[in-house]
$ cat entry06.pdb   # PDB, C-alpha atoms and all ligand atoms
ATOM      1  CA  MET A  77      23.591   6.809  15.967
ATOM      2  CA  ILE A  78      20.627   8.321  17.841
ATOM      3  CA  ARG A  79      21.696  11.572  19.531
ATOM      4  CA  GLY A  80      19.851  14.026  21.754
ATOM      5  CA  SER A  81      19.274  16.162  18.662
ATOM      6  CA  THR A  82      17.984  13.312  16.484
ATOM      7  CA  GLU A  83      14.435  13.710  15.205
ATOM      8  CA  LEU A  84      12.430  10.512  15.150
ATOM      9  CA  VAL A  85       9.903   8.745  13.009
ATOM     10  CA  ALA A  86       8.367   5.408  13.920
ATOM     11  CA  ILE A  87       6.686   2.383  12.410
ATOM     12  CA  LEU A  88       3.803   1.034  14.449
ATOM     13  CA  GLY A  89       2.299  -2.442  14.225
ATOM     14  CA  SER A  90       2.133  -5.796  15.991
ATOM     15  CA  PRO A  91       4.139  -7.928  15.389
ATOM     16  CA  ILE A  92       6.851  -5.657  14.020
ATOM     17  CA  ALA A  93      10.048  -7.742  13.659
ATOM     18  CA  GLN A  94       9.248  -8.617  10.012
ATOM     19  CA  VAL A  95       9.014  -5.037   8.686
ATOM     20  CA  LYS A  96      11.718  -3.714   6.362
ATOM     21  CA  SER A  97      11.034   0.030   6.744
ATOM     22  CA  PRO A  98      13.509   0.638   9.605
ATOM     23  CA  GLU A  99      16.432  -0.701   7.499
ATOM     24  CA  ASN A 100      15.259   1.235   4.433
ATOM     25  CA  PHE A 101      14.640   4.541   6.230
ATOM     26  CA  ASN A 102      17.693   4.397   8.507
ATOM     27  CA  SER A 103      19.996   3.500   5.575
ATOM     28  CA  TRP A 104      18.616   6.456   3.641
ATOM     29  CA  PHE A 105      19.013   8.810   6.636
ATOM     30  CA  ALA A 106      22.631   7.640   7.148
ATOM     31  CA  ALA A 107      23.477   7.921   3.428
ATOM     32  CA  HIS A 108      22.087  11.483   3.394
ATOM     33  CA  ASP A 109      23.717  12.537   6.666
ATOM     34  CA  ALA A 110      20.292  13.341   8.120
ATOM     35  CA  ASP A 111      19.963  13.603  11.913
ATOM     36  CA  LEU A 112      16.860  11.388  11.786
ATOM     37  CA  ALA A 113      16.085   7.814  12.844
ATOM     38  CA  MET A 114      13.198   5.345  12.593
ATOM     39  CA  LEU A 115      12.083   3.264  15.575
ATOM     40  CA  ALA A 116      10.072   0.038  15.231
ATOM     41  CA  ILE A 117       7.246  -0.047  17.791
ATOM     42  CA  ASP A 118       5.291  -3.211  18.674
ATOM     43  CA  MET A 119       2.238  -1.869  20.512
ATOM     44  CA  SER A 120      -0.590  -3.854  22.099
ATOM     45  CA  GLU A 121      -4.102  -2.925  21.021
ATOM     46  CA  PRO A 122      -5.326  -1.775  24.474
ATOM     47  CA  ALA A 123      -2.454   0.747  24.652
ATOM     48  CA  LEU A 124      -3.157   2.205  21.192
ATOM     49  CA  ALA A 125      -5.359   5.161  22.183
ATOM     50  CA  GLY A 126      -2.901   6.217  24.909
ATOM     51  CA  PHE A 127       0.011   5.900  22.491
ATOM     52  CA  ILE A 128      -1.710   8.077  19.876
ATOM     53  CA  ALA A 129      -2.543  10.682  22.546
ATOM     54  CA  SER A 130       1.125  10.741  23.607
ATOM     55  CA  LEU A 131       2.241  11.375  20.000
ATOM     56  CA  ARG A 132       0.577  14.817  20.212
ATOM     57  CA  GLY A 133       3.040  15.811  22.943
ATOM     58  CA  TRP A 134       6.094  14.015  21.487
ATOM     59  CA  ASN A 135       7.992  17.082  20.257
ATOM     60  CA  ASN A 136      10.921  15.349  18.515
ATOM     61  CA  LEU A 137       8.722  12.906  16.580
ATOM     62  CA  ARG A 138       7.843  13.870  12.995
ATOM     63  CA  GLY A 139       5.495  11.040  12.172
ATOM     64  CA  CYS A 140       4.654   7.378  12.202
ATOM     65  CA  VAL A 141       4.204   4.710   9.547
ATOM     66  CA  VAL A 142       1.294   2.393  10.371
ATOM     67  CA  THR A 143       1.126  -1.283   9.474
ATOM     68  CA  VAL A 144      -0.975  -4.364  10.243
ATOM     69  CA  PRO A 145      -3.200  -4.568  12.293
ATOM     70  CA  TYR A 146      -3.757  -0.862  13.005
ATOM     71  CA  LYS A 147      -4.398   0.759   9.612
ATOM     72  CA  GLN A 148      -8.165   0.881  10.167
ATOM     73  CA  SER A 149      -8.416   1.116  13.967
ATOM     74  CA  LEU A 150      -6.306   4.305  14.123
ATOM     75  CA  VAL A 151      -8.624   6.260  11.827
ATOM     76  CA  PRO A 152     -11.019   7.608  14.516
ATOM     77  CA  LEU A 153      -8.098   8.547  16.789
ATOM     78  CA  LEU A 154      -6.523  11.115  14.425
ATOM     79  CA  ASP A 155      -7.238  14.847  14.065
ATOM     80  CA  GLU A 156      -7.454  15.003  10.267
ATOM     81  CA  LEU A 157      -7.398  12.640   7.278
ATOM     82  CA  SER A 158      -6.449  13.086   3.618
ATOM     83  CA  GLU A 159      -9.324  12.697   1.178
ATOM     84  CA  ARG A 160      -8.199   9.193   0.150
ATOM     85  CA  ALA A 161      -7.606   8.029   3.745
ATOM     86  CA  ALA A 162     -11.083   9.279   4.663
ATOM     87  CA  ALA A 163     -12.624   7.449   1.682
ATOM     88  CA  LEU A 164     -10.703   4.237   2.407
ATOM     89  CA  ARG A 165     -11.159   4.501   6.207
ATOM     90  CA  SER A 166      -7.540   3.383   6.449
ATOM     91  CA  VAL A 167      -4.202   5.102   7.146
ATOM     92  CA  ASN A 168      -0.640   3.855   6.678
ATOM     93  CA  VAL A 169       1.148   7.052   7.701
ATOM     94  CA  ILE A 170       0.655   9.850  10.236
ATOM     95  CA  ARG A 171       2.308  13.267  10.208
ATOM     96  CA  ARG A 172       2.728  15.109  13.488
ATOM     97  CA  GLU A 173       2.403  18.855  12.920
ATOM     98  CA  ALA A 174       4.500  21.228  15.087
ATOM     99  CA  ASN A 175       1.379  22.020  17.143
ATOM    100  CA  GLY A 176       0.816  18.307  17.863
ATOM    101  CA  ARG A 177      -2.030  17.728  15.384
ATOM    102  CA  LEU A 178      -1.978  14.247  13.853
ATOM    103  CA  ILE A 179      -2.852  13.934  10.159
ATOM    104  CA  GLY A 180      -3.342  10.569   8.464
ATOM    105  CA  ASP A 181      -2.859   9.517   4.845
ATOM    106  CA  ASN A 182      -2.754   6.237   2.945
ATOM    107  CA  VAL A 183       0.025   6.033   0.341
ATOM    108  CA  ASP A 184      -0.147   2.277  -0.397
ATOM    109  CA  GLY A 185      -1.775   3.034  -3.758
ATOM    110  CA  ALA A 186       0.588   5.869  -4.639
ATOM    111  CA  GLY A 187       3.599   3.638  -3.900
ATOM    112  CA  PHE A 188       2.149   0.848  -6.010
ATOM    113  CA  LEU A 189       1.509   3.215  -8.913
ATOM    114  CA  LYS A 190       4.984   4.745  -8.702
ATOM    115  CA  ALA A 191       6.493   1.255  -9.081
ATOM    116  CA  ALA A 192       4.100   0.434 -11.955
ATOM    117  CA  ARG A 193       4.952   3.680 -13.774
ATOM    118  CA  ALA A 194       8.636   2.763 -13.442
ATOM    119  CA  HIS A 195       7.724  -0.341 -15.498
ATOM    120  CA  GLY A 196       6.194   1.909 -18.156
ATOM    121  CA  PHE A 197       2.558   1.395 -17.113
ATOM    122  CA  GLN A 198       0.484   4.508 -17.878
ATOM    123  CA  PRO A 199      -2.905   4.115 -16.147
ATOM    124  CA  ALA A 200      -5.011   6.583 -18.157
ATOM    125  CA  GLY A 201      -7.527   4.734 -20.351
ATOM    126  CA  LYS A 202      -6.310   1.264 -19.322
ATOM    127  CA  GLN A 203      -8.108  -1.831 -18.017
ATOM    128  CA  ALA A 204      -7.024  -3.135 -14.627
ATOM    129  CA  LEU A 205      -7.958  -6.146 -12.520
ATOM    130  CA  VAL A 206      -7.332  -6.082  -8.766
ATOM    131  CA  LEU A 207      -7.599  -9.438  -6.946
ATOM    132  CA  GLY A 208      -8.359  -8.851  -3.272
ATOM    133  CA  SER A 209     -10.382  -5.911  -2.005
ATOM    134  CA  GLY A 210      -8.996  -5.661   1.546
ATOM    135  CA  GLY A 211      -6.857  -2.803   2.845
ATOM    136  CA  VAL A 212      -4.142  -2.879   0.177
ATOM    137  CA  GLY A 213      -6.433  -3.838  -2.713
ATOM    138  CA  ALA A 214      -8.751  -0.928  -1.880
ATOM    139  CA  ALA A 215      -5.840   1.536  -1.739
ATOM    140  CA  ILE A 216      -4.460   0.301  -5.091
ATOM    141  CA  ALA A 217      -7.894   0.353  -6.739
ATOM    142  CA  TYR A 218      -8.502   3.908  -5.470
ATOM    143  CA  ALA A 219      -5.135   5.082  -6.845
ATOM    144  CA  LEU A 220      -5.818   3.447 -10.229
ATOM    145  CA  ALA A 221      -9.262   5.073 -10.406
ATOM    146  CA  GLU A 222      -7.795   8.447  -9.448
ATOM    147  CA  ALA A 223      -5.132   8.044 -12.151
ATOM    148  CA  GLY A 224      -7.804   7.539 -14.812
ATOM    149  CA  VAL A 225      -8.056   3.826 -15.657
ATOM    150  CA  ARG A 226     -11.006   3.244 -17.967
ATOM    151  CA  ARG A 227     -12.231  -0.043 -16.537
ATOM    152  CA  LEU A 228     -11.476  -1.502 -13.139
ATOM    153  CA  THR A 229     -12.468  -5.008 -12.107
ATOM    154  CA  VAL A 230     -12.252  -5.910  -8.435
ATOM    155  CA  ALA A 231     -12.540  -9.543  -7.411
ATOM    156  CA  ASP A 232     -12.538 -11.110  -3.982
ATOM    157  CA  VAL A 233     -13.369 -14.540  -2.586
ATOM    158  CA  ARG A 234     -15.649 -12.508  -0.309
ATOM    159  CA  PRO A 235     -17.942 -10.932  -2.954
ATOM    160  CA  ALA A 236     -19.554  -8.530  -0.452
ATOM    161  CA  GLN A 237     -16.119  -7.053   0.221
ATOM    162  CA  ALA A 238     -15.529  -6.453  -3.518
ATOM    163  CA  GLN A 239     -19.009  -4.931  -3.829
ATOM    164  CA  ALA A 240     -18.346  -2.567  -0.895
ATOM    165  CA  LEU A 241     -15.117  -1.417  -2.573
ATOM    166  CA  GLY A 242     -16.939  -0.956  -5.872
ATOM    167  CA  ASP A 243     -19.587   1.184  -4.131
ATOM    168  CA  LEU A 244     -16.881   3.301  -2.496
ATOM    169  CA  LEU A 245     -15.120   3.806  -5.850
ATOM    170  CA  LYS A 246     -18.370   4.653  -7.613
ATOM    171  CA  ARG A 247     -19.063   7.393  -5.046
ATOM    172  CA  ALA A 248     -15.564   8.867  -5.451
ATOM    173  CA  PHE A 249     -15.272   8.379  -9.249
ATOM    174  CA  PRO A 250     -18.782   8.325 -10.781
ATOM    175  CA  ALA A 251     -17.483   7.964 -14.373
ATOM    176  CA  LEU A 252     -15.444   4.831 -13.628
ATOM    177  CA  ASP A 253     -16.519   1.575 -15.282
ATOM    178  CA  ILE A 254     -16.427  -1.051 -12.497
ATOM    179  CA  GLY A 255     -16.739  -4.807 -12.906
ATOM    180  CA  TYR A 256     -16.636  -7.749 -10.516
ATOM    181  CA  GLY A 257     -16.404 -11.013 -12.455
ATOM    182  CA  VAL A 258     -13.383 -12.274 -14.384
ATOM    183  CA  GLU A 259     -13.743 -14.740 -17.222
ATOM    184  CA  ASP A 260     -11.014 -13.675 -19.607
ATOM    185  CA  LEU A 261      -7.805 -11.670 -19.171
ATOM    186  CA  SER A 262      -6.957 -10.905 -22.802
ATOM    187  CA  GLU A 263      -8.052  -7.250 -22.529
ATOM    188  CA  VAL A 264      -6.435  -6.644 -19.123
ATOM    189  CA  ASP A 265      -3.470  -4.221 -19.181
ATOM    190  CA  LEU A 266      -2.655  -4.593 -15.479
ATOM    191  CA  LEU A 267      -3.322  -7.575 -13.221
ATOM    192  CA  VAL A 268      -2.620  -7.049  -9.515
ATOM    193  CA  ASN A 269      -2.684  -9.695  -6.819
ATOM    194  CA  ALA A 270      -3.575  -7.677  -3.700
ATOM    195  CA  SER A 271      -4.491 -10.782  -1.694
ATOM    196  CA  PRO A 272      -2.097 -12.753   0.533
ATOM    197  CA  VAL A 273      -2.407 -15.783  -1.795
ATOM    198  CA  GLY A 274       1.055 -17.030  -2.808
ATOM    199  CA  MET A 275       2.703 -15.998   0.458
ATOM    200  CA  GLY A 276       5.341 -18.292   1.972
ATOM    201  CA  ASP A 277       5.749 -21.629   0.214
ATOM    202  CA  SER A 278       2.040 -22.287  -0.353
ATOM    203  CA  GLY A 279       2.589 -22.421  -4.129
ATOM    204  CA  GLU A 280      -0.970 -21.101  -4.579
ATOM    205  CA  LEU A 281      -2.319 -18.929  -7.375
ATOM    206  CA  PRO A 282      -5.045 -16.325  -6.669
ATOM    207  CA  VAL A 283      -6.953 -17.337  -9.837
ATOM    208  CA  PRO A 284      -7.157 -20.665 -11.713
ATOM    209  CA  VAL A 285      -4.240 -21.434 -14.017
ATOM    210  CA  THR A 286      -6.690 -21.857 -16.907
ATOM    211  CA  LEU A 287      -7.748 -18.219 -16.559
ATOM    212  CA  LEU A 288      -4.107 -17.089 -16.578
ATOM    213  CA  GLU A 289      -3.713 -18.763 -19.973
ATOM    214  CA  SER A 290      -5.731 -15.877 -21.428
ATOM    215  CA  LEU A 291      -3.201 -13.270 -20.151
ATOM    216  CA  ASN A 292      -1.919 -10.894 -22.799
ATOM    217  CA  SER A 293       1.906 -10.827 -22.885
ATOM    218  CA  ALA A 294       1.755  -7.002 -23.087
ATOM    219  CA  ALA A 295       0.132  -6.860 -19.618
ATOM    220  CA  LEU A 296       1.951  -5.845 -16.449
ATOM    221  CA  VAL A 297       1.405  -8.421 -13.687
ATOM    222  CA  ALA A 298       2.043  -7.226 -10.140
ATOM    223  CA  ASP A 299       1.972  -8.869  -6.724
ATOM    224  CA  VAL A 300       1.859  -7.201  -3.317
ATOM    225  CA  VAL A 301       3.169 -10.319  -1.548
ATOM    226  CA  THR A 302       6.756  -9.690  -0.437
ATOM    227  CA  GLN A 303       7.793 -13.236   0.535
ATOM    228  CA  PRO A 304       8.613 -14.977  -1.787
ATOM    229  CA  VAL A 305       9.697 -12.153  -4.080
ATOM    230  CA  ILE A 306       8.712 -14.167  -7.169
ATOM    231  CA  THR A 307       5.310 -15.592  -6.251
ATOM    232  CA  PRO A 308       3.749 -18.457  -8.242
ATOM    233  CA  LEU A 309       1.623 -15.827 -10.070
ATOM    234  CA  LEU A 310       4.679 -13.782 -11.050
ATOM    235  CA  ALA A 311       6.590 -16.900 -12.138
ATOM    236  CA  LEU A 312       3.723 -17.916 -14.408
ATOM    237  CA  ALA A 313       3.286 -14.393 -15.788
ATOM    238  CA  ARG A 314       7.000 -14.191 -16.550
ATOM    239  CA  GLU A 315       6.792 -17.507 -18.407
ATOM    240  CA  ARG A 316       4.016 -16.008 -20.521
ATOM    241  CA  GLY A 317       6.285 -13.092 -21.422
ATOM    242  CA  CYS A 318       4.576 -10.465 -19.228
ATOM    243  CA  CYS A 319       6.414  -7.697 -17.447
ATOM    244  CA  ILE A 320       6.240  -8.320 -13.678
ATOM    245  CA  GLN A 321       6.312  -6.137 -10.567
ATOM    246  CA  THR A 322       7.173  -7.623  -7.160
ATOM    247  CA  GLY A 323       5.898  -6.803  -3.658
ATOM    248  CA  PRO A 324       9.304  -5.497  -2.503
ATOM    249  CA  GLU A 325       9.329  -3.101  -5.499
ATOM    250  CA  MET A 326       6.053  -1.614  -4.262
ATOM    251  CA  ALA A 327       7.373  -1.381  -0.695
ATOM    252  CA  ARG A 328      10.595   0.280  -1.819
ATOM    253  CA  ALA A 329       8.784   2.729  -4.133
ATOM    254  CA  GLN A 330       6.510   3.719  -1.261
ATOM    255  CA  MET A 331       9.326   4.832   1.061
ATOM    256  CA  GLY A 332       9.528   8.281  -0.566
ATOM    257  CA  ASN A 333       5.742   8.750  -0.321
ATOM    258  CA  LEU A 334       5.775   7.840   3.380
ATOM    259  CA  GLY A 335       8.869   9.946   4.099
ATOM    260  CA  ALA A 336       7.592  12.953   2.140
ATOM    261  CA  PHE A 337       4.262  12.889   4.007
ATOM    262  CA  MET A 338       6.140  12.919   7.334
ATOM    263  CA  GLY A 339       8.399  15.695   5.963
ATOM    264  CA  VAL A 340      11.671  13.756   6.313
ATOM    265  CA  MET A 341      12.629  12.942   2.685
ATOM    266  CA  PRO A 342      11.688  13.839  -0.902
ATOM    267  CA  VAL A 343       8.897  11.850  -2.556
ATOM    268  CA  ASP A 344      11.305  10.345  -5.115
ATOM    269  CA  ALA A 345      13.750   9.104  -2.422
TER     270      ALA A 345
HETATM  271  P1  LIG B 401      -6.665  -7.933   3.917
HETATM  272  O1  LIG B 401      -6.856  -9.141   4.752
HETATM  273  O2  LIG B 401      -7.243  -6.624   4.345
HETATM  274  O3  LIG B 401      -7.227  -8.217   2.430
HETATM  275  C1  LIG B 401      -6.945  -9.364   1.689
HETATM  276  C2  LIG B 401      -8.174  -9.655   0.814
HETATM  277  O4  LIG B 401      -7.836 -10.673  -0.118
HETATM  278  C3  LIG B 401      -9.384 -10.158   1.611
HETATM  279  O5  LIG B 401     -10.507  -9.353   1.323
HETATM  280  C4  LIG B 401      -9.583 -11.586   1.110
HETATM  281  O6  LIG B 401     -10.921 -12.006   1.091
HETATM  282  C5  LIG B 401      -9.001 -11.486  -0.285
HETATM  283  N1  LIG B 401      -8.630 -12.741  -0.923
HETATM  284  C6  LIG B 401      -8.087 -13.860  -0.366
HETATM  285  N2  LIG B 401      -7.892 -14.792  -1.331
HETATM  286  C7  LIG B 401      -8.302 -14.258  -2.516
HETATM  287  C8  LIG B 401      -8.343 -14.725  -3.853
HETATM  288  N3  LIG B 401      -7.907 -15.947  -4.198
HETATM  289  N4  LIG B 401      -8.858 -13.899  -4.804
HETATM  290  C9  LIG B 401      -9.316 -12.675  -4.480
HETATM  291  N5  LIG B 401      -9.286 -12.180  -3.223
HETATM  292  C10 LIG B 401      -8.779 -12.966  -2.252
HETATM  293  O7  LIG B 401      -5.087  -7.814   3.716
HETATM  294  P2  LIG B 401      -4.267  -6.518   3.230
HETATM  295  O8  LIG B 401      -3.930  -5.670   4.390
HETATM  296  O9  LIG B 401      -4.976  -5.913   2.077
HETATM  297  O10 LIG B 401      -2.901  -7.179   2.756
HETATM  298  C11 LIG B 401      -2.845  -8.023   1.617
HETATM  299  C12 LIG B 401      -1.401  -8.406   1.329
HETATM  300  O11 LIG B 401      -0.650  -7.232   0.992
HETATM  301  C13 LIG B 401      -0.659  -9.033   2.497
HETATM  302  O12 LIG B 401       0.003 -10.176   1.999
HETATM  303  C14 LIG B 401       0.354  -7.977   2.908
HETATM  304  O13 LIG B 401       1.533  -8.542   3.427
HETATM  305  C15 LIG B 401       0.643  -7.299   1.575
HETATM  306  N6  LIG B 401       1.178  -5.925   1.638
HETATM  307  C16 LIG B 401       2.203  -5.590   0.797
HETATM  308  C17 LIG B 401       2.699  -4.297   0.776
HETATM  309  C18 LIG B 401       3.838  -3.945  -0.138
HETATM  310  O14 LIG B 401       4.335  -2.811  -0.065
HETATM  311  N7  LIG B 401       4.258  -4.829  -0.995
HETATM  312  C19 LIG B 401       2.142  -3.316   1.608
HETATM  313  C20 LIG B 401       1.105  -3.689   2.456
HETATM  314  C21 LIG B 401       0.622  -5.003   2.471
END
$ encode --input "entry06.pdb" --output "structure tokens" --more "lines below"
Ligand code: NAD
Amino acid sequence: MIRGSTELVAILGSPIAQVKSPENFNSWFAAHDADLAMLAIDMSEPALAGFIASLRGWNNLRGCVVTVPYKQSLVPLLDELSERAAALRSVNVIRREANGRLIGDNVDGAGFLKAARAHGFQPAGKQALVLGSGGVGAAIAYALAEAGVRRLTVADVRPAQAQALGDLLKRAFPALDIGYGVEDLSEVDLLVNASPVGMGDSGELPVPVTLLESLNSAALVADVVTQPVITPLLALARERGCCIQTGPEMARAQMGNLGAFMGVMPVDA
């Protein structure tokens, strides 16, 4: 129930009907008797700047989760960015301070890592491979570098995109060992598909099946794709005896990071 006293958070994107955050946040608010609610907002691009300006005066709004396609385009419209959001030039959450200032952060990587740690993955000193160096891949790679992986390989069908991410990581983490090519997976402790490959019923794998034959069964294999839950990559990894992490696990783990940044729930919610 939304009352006059209810404080609001929002999720902004276009389209918006597919997002799961409103169910997850509103269920949590109801279960914790919190006078808070999340609204799903489908906003057209031309209205974006006006919408962001209006957030500064929206006194009963605590913050806004940001999803596709606005994670990058909102960056110049905000008043302040976290260090990682500034490095990534991408935000997935905004906090509205009491004085109306809008502060952006990107917790995609932190949510991913929280889910991976719940599977027993300890990043320090490990070797990780991230497939896809777009918005989510960059955020995951940044979080892995920050958490102290020893070697990070980023691969993308658009090599210039992977190189740009590598350059960004090198600036932020000069000691990090960064690679781009993948010929063998036997030394990889964590393999992440951060590309949309495997979505829907495409049945596609992000790397050739022959390469996956070199996967070590001690590796954690993760996918960011949420539909299907068990992607072809995860099905194959499971067959090889690997521990797997699904896209919905990452999304669910991230709720506390998003909510804590907006000041409406604890980080471990
Ligand atoms: P994006 O378009 O910014 O990046 C995707 C990248 O993958 C592109 O650079 C593309 O070139 C690359 N790519 C495509 N095929 C590849 C392949 N075979 N190997 C390597 N790279 C390949 O997209 P994004 O915003 O980063 O989103 C990626 C996926 O993450 C989407 O499917 C999205 O739904 C999902 N996602 C999941 C969560 C979650 O919580 N689980 C959160 C956000 C986004």
$ residues_near_ligand --input "entry06.pdb" --ligand "ligand LIG 401 (chain B)" --cutoff "6 Å" --atoms "all atoms listed in the file" --output "ChimeraX atom specification"
/A:207-213,231-234,270-273,282-283,300-302,323-324,326-327
$ resolve_selection --input "entry06.pdb" --expression "the PyMOL selection byres (((chain A and resi 216-230) around 6) and not hetatm)" --output "list in words"
Gly185, Pro199, Ala200, Gly201, Lys202, Gln203, Ala204, Leu205, Val206, Gly213, Ala214, Ala215, Ala231, Ala238, Asp253, Ile254, Gly255 and Tyr256 of chain A
$ atom_distance --input "entry06.pdb" --atom1 "atom CA of Asn100 of chain A" --atom2 "atom CA of Gly276 of chain A"
22.0 Å
$ atom_distance --input "entry06.pdb" --atom1 "atom CA of Val268 of chain A" --atom2 "atom CA of Asp299 of chain A"
5.7 Å
$ resolve_selection --input "entry06.pdb" --expression "the PyMOL selection byres (((chain A and resi 147) around 6) and not hetatm)" --output "number ranges by chain"
A: 142-143, 146, 148-149, 166-168
$ write_last_selection --input "entry06.pdb" --atoms "C-alpha atoms" --output "compact mmCIF listing (two decimals), in the coordinates of the input"
# COMPACT_ATOMS: atom_id res chain seq x y z
CA VAL A 142 1.29 2.39 10.37
CA THR A 143 1.13 -1.28 9.47
CA TYR A 146 -3.76 -0.86 13.00
CA GLN A 148 -8.16 0.88 10.17
CA SER A 149 -8.42 1.12 13.97
CA SER A 166 -7.54 3.38 6.45
CA VAL A 167 -4.20 5.10 7.15
CA ASN A 168 -0.64 3.86 6.68
$ residues_around --input "entry06.pdb" --residues "segment 85-88 of chain A" --least-positions-apart "3" --cutoff "7 Å" --atoms "only C-alpha atoms" --output "list in words"
Ala113, Met114, Leu115, Ala116, Ile117, Asp118, Met119, Leu137, Arg138, Gly139, Cys140, Val141, Val142 and Thr143 of chain A
$ atom_distance --input "entry06.pdb" --atom1 "atom CA of Ser81 of chain A" --atom2 "atom CA of Ala106 of chain A"
14.7 Å
$ closest_residue --input "entry06.pdb" --among "A:Asp243, A:Asp344, A:Glu315, A:Asp260" --to "Ala191 of chain A" --atoms "all atoms listed in the file"
A:Asp344
$ closest_residue --input "entry06.pdb" --among "A:His195, A:Phe105, A:Leu291, A:Ala129" --to "Pro342 of chain A" --atoms "all atoms listed in the file"
A:Phe105
$ build_atoms --input "entry06.pdb" --residues "segment 243-254 of chain A" --atoms "N, CA, C and O atoms" --output "PDB file, keeping the file's coordinate frame"
ATOM      1  N   ASP A 243     -18.663   0.099  -4.517  1.00  0.00           N
ATOM      2  CA  ASP A 243     -19.587   1.184  -4.131  1.00  0.00           C
ATOM      3  C   ASP A 243     -18.795   2.421  -3.712  1.00  0.00           C
ATOM      4  O   ASP A 243     -19.134   3.548  -4.084  1.00  0.00           O
ATOM      5  N   LEU A 244     -17.732   2.187  -2.950  1.00  0.00           N
ATOM      6  CA  LEU A 244     -16.881   3.301  -2.496  1.00  0.00           C
ATOM      7  C   LEU A 244     -16.255   4.019  -3.703  1.00  0.00           C
ATOM      8  O   LEU A 244     -16.253   5.250  -3.795  1.00  0.00           O
ATOM      9  N   LEU A 245     -15.762   3.217  -4.667  1.00  0.00           N
ATOM     10  CA  LEU A 245     -15.120   3.806  -5.850  1.00  0.00           C
ATOM     11  C   LEU A 245     -16.132   4.573  -6.697  1.00  0.00           C
ATOM     12  O   LEU A 245     -15.823   5.625  -7.250  1.00  0.00           O
ATOM     13  N   LYS A 246     -17.325   4.019  -6.795  1.00  0.00           N
ATOM     14  CA  LYS A 246     -18.370   4.653  -7.613  1.00  0.00           C
ATOM     15  C   LYS A 246     -18.730   6.026  -7.033  1.00  0.00           C
ATOM     16  O   LYS A 246     -18.977   6.983  -7.772  1.00  0.00           O
ATOM     17  N   ARG A 247     -18.759   6.105  -5.692  1.00  0.00           N
ATOM     18  CA  ARG A 247     -19.063   7.393  -5.046  1.00  0.00           C
ATOM     19  C   ARG A 247     -17.956   8.402  -5.338  1.00  0.00           C
ATOM     20  O   ARG A 247     -18.207   9.562  -5.630  1.00  0.00           O
ATOM     21  N   ALA A 248     -16.697   7.944  -5.281  1.00  0.00           N
ATOM     22  CA  ALA A 248     -15.564   8.867  -5.451  1.00  0.00           C
ATOM     23  C   ALA A 248     -15.305   9.187  -6.927  1.00  0.00           C
ATOM     24  O   ALA A 248     -14.852  10.287  -7.251  1.00  0.00           O
ATOM     25  N   PHE A 249     -15.586   8.219  -7.820  1.00  0.00           N
ATOM     26  CA  PHE A 249     -15.272   8.379  -9.249  1.00  0.00           C
ATOM     27  C   PHE A 249     -16.483   7.922 -10.070  1.00  0.00           C
ATOM     28  O   PHE A 249     -16.489   6.820 -10.637  1.00  0.00           O
ATOM     29  N   PRO A 250     -17.525   8.767 -10.153  1.00  0.00           N
ATOM     30  CA  PRO A 250     -18.782   8.325 -10.781  1.00  0.00           C
ATOM     31  C   PRO A 250     -18.631   7.848 -12.226  1.00  0.00           C
ATOM     32  O   PRO A 250     -19.419   7.013 -12.677  1.00  0.00           O
ATOM     33  N   ALA A 251     -17.614   8.341 -12.958  1.00  0.00           N
ATOM     34  CA  ALA A 251     -17.483   7.964 -14.373  1.00  0.00           C
ATOM     35  C   ALA A 251     -16.778   6.617 -14.566  1.00  0.00           C
ATOM     36  O   ALA A 251     -16.744   6.083 -15.676  1.00  0.00           O
ATOM     37  N   LEU A 252     -16.231   6.068 -13.502  1.00  0.00           N
ATOM     38  CA  LEU A 252     -15.444   4.831 -13.628  1.00  0.00           C
ATOM     39  C   LEU A 252     -16.329   3.634 -13.978  1.00  0.00           C
ATOM     40  O   LEU A 252     -17.404   3.458 -13.424  1.00  0.00           O
ATOM     41  N   ASP A 253     -15.834   2.813 -14.903  1.00  0.00           N
ATOM     42  CA  ASP A 253     -16.519   1.575 -15.282  1.00  0.00           C
ATOM     43  C   ASP A 253     -15.995   0.468 -14.350  1.00  0.00           C
ATOM     44  O   ASP A 253     -14.821   0.107 -14.429  1.00  0.00           O
ATOM     45  N   ILE A 254     -16.870  -0.054 -13.488  1.00  0.00           N
ATOM     46  CA  ILE A 254     -16.427  -1.051 -12.497  1.00  0.00           C
ATOM     47  C   ILE A 254     -17.051  -2.411 -12.785  1.00  0.00           C
ATOM     48  O   ILE A 254     -18.255  -2.505 -13.064  1.00  0.00           O
TER      49      ILE A 254
END
